[in-house]
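Accompanying notes for the structure given below.
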Amino acid sequence: MGALVLIAAYLLGSIPFSYLVARRFGVEDVRAVGSGNVGATNVMRAAGRTAGLLALVLDALKGALAAASAQRLAPSGDLPALAAVAAVLGHMYPVWLSFRGGKGVATGAGAFVPLCPAAGAVGLAAFALVAAASRYVSLGSCVGALALAAAAFPFCGPGAVAWCATGTALLIVWRHRGNLDRVLRGTERRLGGGR
């Protein structure tokens, strides 16, 4: 059963909501505009705020559904945390888009919030503070993911949730390596379009 749950979580994570929402709002292929990323920030810049917020919510919900469904099936095991990772990997490497997906921030947040709500709140607060102060969504995303992972250890214990959140956070940071390089060089786009 565990393998089937993980496959289902991956396939659920693979649903390219950002791509589909952007198309619905008139952008033929969000991978061909802006940053080329299949994520809510690029959708917002290419198709508008409503489209971006819709993509963000849907990407978060698919992560939450994958983790919460696994938690319902196996409330005391490692399966929910592994399903959360599988959903994030599905978003990053979706089979439907030739394995070229987004960076996993919204899906990761959605997946780990049901498993450790307090850590999720810490991560979301860290994202909001850093993004608001720096106006770099990418920097806020990385700090938020790392903060969620760090908070999972005291709030949820050093078990599967904390370690899977840590692995996911490191993968998110790695996926943002180009953005972080541009932040250091001062060429990353800020919220509002400036630098």
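Chain labels follow the order of the structure tokens: the first chain is A, the next B, and so on; residue numbering restarts at 1 in every chain, and ligands are counted from 1 in their shown order.
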
With a distance cut-off of 8 Å and only C-alpha atoms, select the neighbouring residues of Pro16 (chain A), excluding the residue or stretch itself and same-chain residues fewer than 6 positions from it, and output the selection as a list of chain:residue names.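 In the requested form, the answer reads A:Val38, A:His91, A:Pro94, A:Trp96, A:Leu97, A:Gly101.
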
How would the residues just chosen look if you wrote them out with N, CA and C atoms as a PDB file, in the first residue's frame?
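Contents of selection30.pdb, freshly written:
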ATOM      1  N   VAL A  38       7.539  27.210 -13.614  1.00  0.00           N
ATOM      2  CA  VAL A  38       6.131  26.815 -13.494  1.00  0.00           C
ATOM      3  C   VAL A  38       5.735  26.975 -12.027  1.00  0.00           C
ATOM      4  N   HIS A  91       5.726  18.061  -8.135  1.00  0.00           N
ATOM      5  CA  HIS A  91       5.611  19.440  -8.606  1.00  0.00           C
ATOM      6  C   HIS A  91       6.888  19.879  -9.318  1.00  0.00           C
ATOM      7  N   PRO A  94       7.311  17.145 -12.908  1.00  0.00           N
ATOM      8  CA  PRO A  94       6.022  16.566 -13.296  1.00  0.00           C
ATOM      9  C   PRO A  94       6.108  15.743 -14.587  1.00  0.00           C
ATOM     10  N   TRP A  96       3.832  15.167 -16.577  1.00  0.00           N
ATOM     11  CA  TRP A  96       2.991  15.758 -17.618  1.00  0.00           C
ATOM     12  C   TRP A  96       3.704  16.871 -18.385  1.00  0.00           C
ATOM     13  N   LEU A  97       4.775  17.439 -17.818  1.00  0.00           N
ATOM     14  CA  LEU A  97       5.503  18.541 -18.471  1.00  0.00           C
ATOM     15  C   LEU A  97       6.954  18.155 -18.736  1.00  0.00           C
ATOM     16  N   GLY A 101       9.239  21.293 -13.969  1.00  0.00           N
ATOM     17  CA  GLY A 101       8.206  21.918 -13.147  1.00  0.00           C
ATOM     18  C   GLY A 101       8.699  23.109 -12.370  1.00  0.00           C
TER      19      GLY A 101
END

Excluding region 183-185 of chain A and any residue of its chain fewer than 4 positions from it, enumerate the residues within 10 Å of it, using only C-alpha atoms, and give them as a ChimeraX atom specification. /A:134,136,138-139,177-179,189-190,195

Excluding same-chain residues fewer than 2 positions from Val161 (chain A), what lies within 8 Å of it counting only C-alpha atoms, as an NGL selection string? :A and (78 or 80-81 or 112 or 115-116 or 152 or 156 or 158-159 or 163-165)

So that I can check the surroundings of Leu56 (chain A), please list as a ChimeraX atom specification every protein, DNA and RNA residue that reaches within 10 Å of it, counting only C-alpha atoms and ignoring chain neighbours fewer than 6 positions away. /A:17-18,21,39-41,43-44,50,105-107,110

Go through A:Gly144, A:Gly26, A:Gly52, A:Gly157 one by one, measure the shortest atom-to-atom distance of each to Gly120 (chain A) using only C-alpha atoms, and give the residue with the smallest value. A:Gly144

Considering only C-alpha atoms, return as a PyMOL selection string whatever protein or nucleic-acid residues lie within 10 Å of Ala84 (chain A), sequence-local ones (same chain, fewer than 5 positions apart) excluded. chain A and resi 6+9-10+13+62-68+70-71+79+89-90+107-115+161+164-165+168

Using DSSP secondary structure from the backbone, list all helix (DSSP H, G or I) positions within chain A, as a PyMOL selection string. chain A and resi 2-14+17-24+30-32+40-47+49-73+79-92+95-97+105-112+117-134+137-156+160-175+177-185

Could you state the separation of CA of Asp29 (chain A) and CA of Arg49 (chain A) in Å, given to one decimal place?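 These two atoms are separated by 17.1 Å.
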
With distances taken over only C-alpha atoms, which of A:Gly167, A:Gly123, A:Gly102, A:Pro154 is nearest to Arg31 (chain A)?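 For Arg31 (chain A), the nearest of the candidates is A:Gly102.
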
Distance query Val143 (chain A) at most 8 Å, only C-alpha atoms, self and fewer than 3 positions along chain excluded, as a PyMOL selection string: chain A and resi 123+126-127+130+139-140+146-147

Same residues, N, CA and C atoms, output as a PDB file, in the first residue's frame:
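The resulting file, again.pdb, is reproduced below:
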ATOM      1  N   GLY A 123       7.425  28.762   9.377  1.00  0.00           N
ATOM      2  CA  GLY A 123       7.922  28.913   8.017  1.00  0.00           C
ATOM      3  C   GLY A 123       7.201  30.004   7.248  1.00  0.00           C
ATOM      4  N   ALA A 126       8.311  33.389   8.584  1.00  0.00           N
ATOM      5  CA  ALA A 126       9.659  33.727   8.113  1.00  0.00           C
ATOM      6  C   ALA A 126       9.622  34.162   6.653  1.00  0.00           C
ATOM      7  N   PHE A 127       8.853  33.447   5.839  1.00  0.00           N
ATOM      8  CA  PHE A 127       8.716  33.846   4.437  1.00  0.00           C
ATOM      9  C   PHE A 127       8.165  35.257   4.330  1.00  0.00           C
ATOM     10  N   VAL A 130      10.762  38.016   5.537  1.00  0.00           N
ATOM     11  CA  VAL A 130      11.913  38.207   4.648  1.00  0.00           C
ATOM     12  C   VAL A 130      11.470  38.763   3.299  1.00  0.00           C
ATOM     13  N   LEU A 139      14.229  34.766  -1.994  1.00  0.00           N
ATOM     14  CA  LEU A 139      14.926  34.743  -0.707  1.00  0.00           C
ATOM     15  C   LEU A 139      13.958  34.382   0.410  1.00  0.00           C
ATOM     16  N   GLY A 140      12.778  34.977   0.391  1.00  0.00           N
ATOM     17  CA  GLY A 140      11.767  34.633   1.388  1.00  0.00           C
ATOM     18  C   GLY A 140      11.388  33.164   1.334  1.00  0.00           C
ATOM     19  N   LEU A 146      13.602  26.767   5.074  1.00  0.00           N
ATOM     20  CA  LEU A 146      14.587  26.374   6.084  1.00  0.00           C
ATOM     21  C   LEU A 146      14.051  26.575   7.497  1.00  0.00           C
ATOM     22  N   ALA A 147      13.293  27.648   7.699  1.00  0.00           N
ATOM     23  CA  ALA A 147      12.713  27.904   9.021  1.00  0.00           C
ATOM     24  C   ALA A 147      11.689  26.833   9.388  1.00  0.00           C
TER      25      ALA A 147
END

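With only C-alpha atoms as the atoms that count, the residue of A:Ala149, A:Gly186, A:Arg100, A:Val95 with the shortest distance to Ala121 (chain A) is A:Ala149.
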
Quote the spacing between CA of Val137 (chain A) and CA of Leu11 (chain A) in Å to one decimal place. 26.6 Å

Ala32 (chain A): which residues within 12 Å, counting only C-alpha atoms, same-chain residues fewer than 4 positions away excluded, as a list of chain:residue names?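 Contacts, with the query itself left out: A:Tyr19, A:Ala22, A:Arg23, A:Val27, A:Glu28, A:Gly36, A:Asn37, A:Val38, A:Asn42, A:Val43, A:Ala46, A:Arg100.
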
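Shortest separation to Val5 (chain A) among A:Val85, A:Ala118, A:Ala132, A:Ala150 occurs at residue A:Val85, atoms counted being only C-alpha atoms.
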
I'd like the interatomic distance between CA of Val122 (chain A) and CA of Thr166 (chain A), to a tenth of an Å. 14.0 Å

Taking only C-alpha atoms into account, name the residue in A:Leu54, A:Ala160, A:Ala125, A:Ala87 that is nearest to Ala8 (chain A).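 Selected residue with least distance to Ala8 (chain A): A:Ala87.
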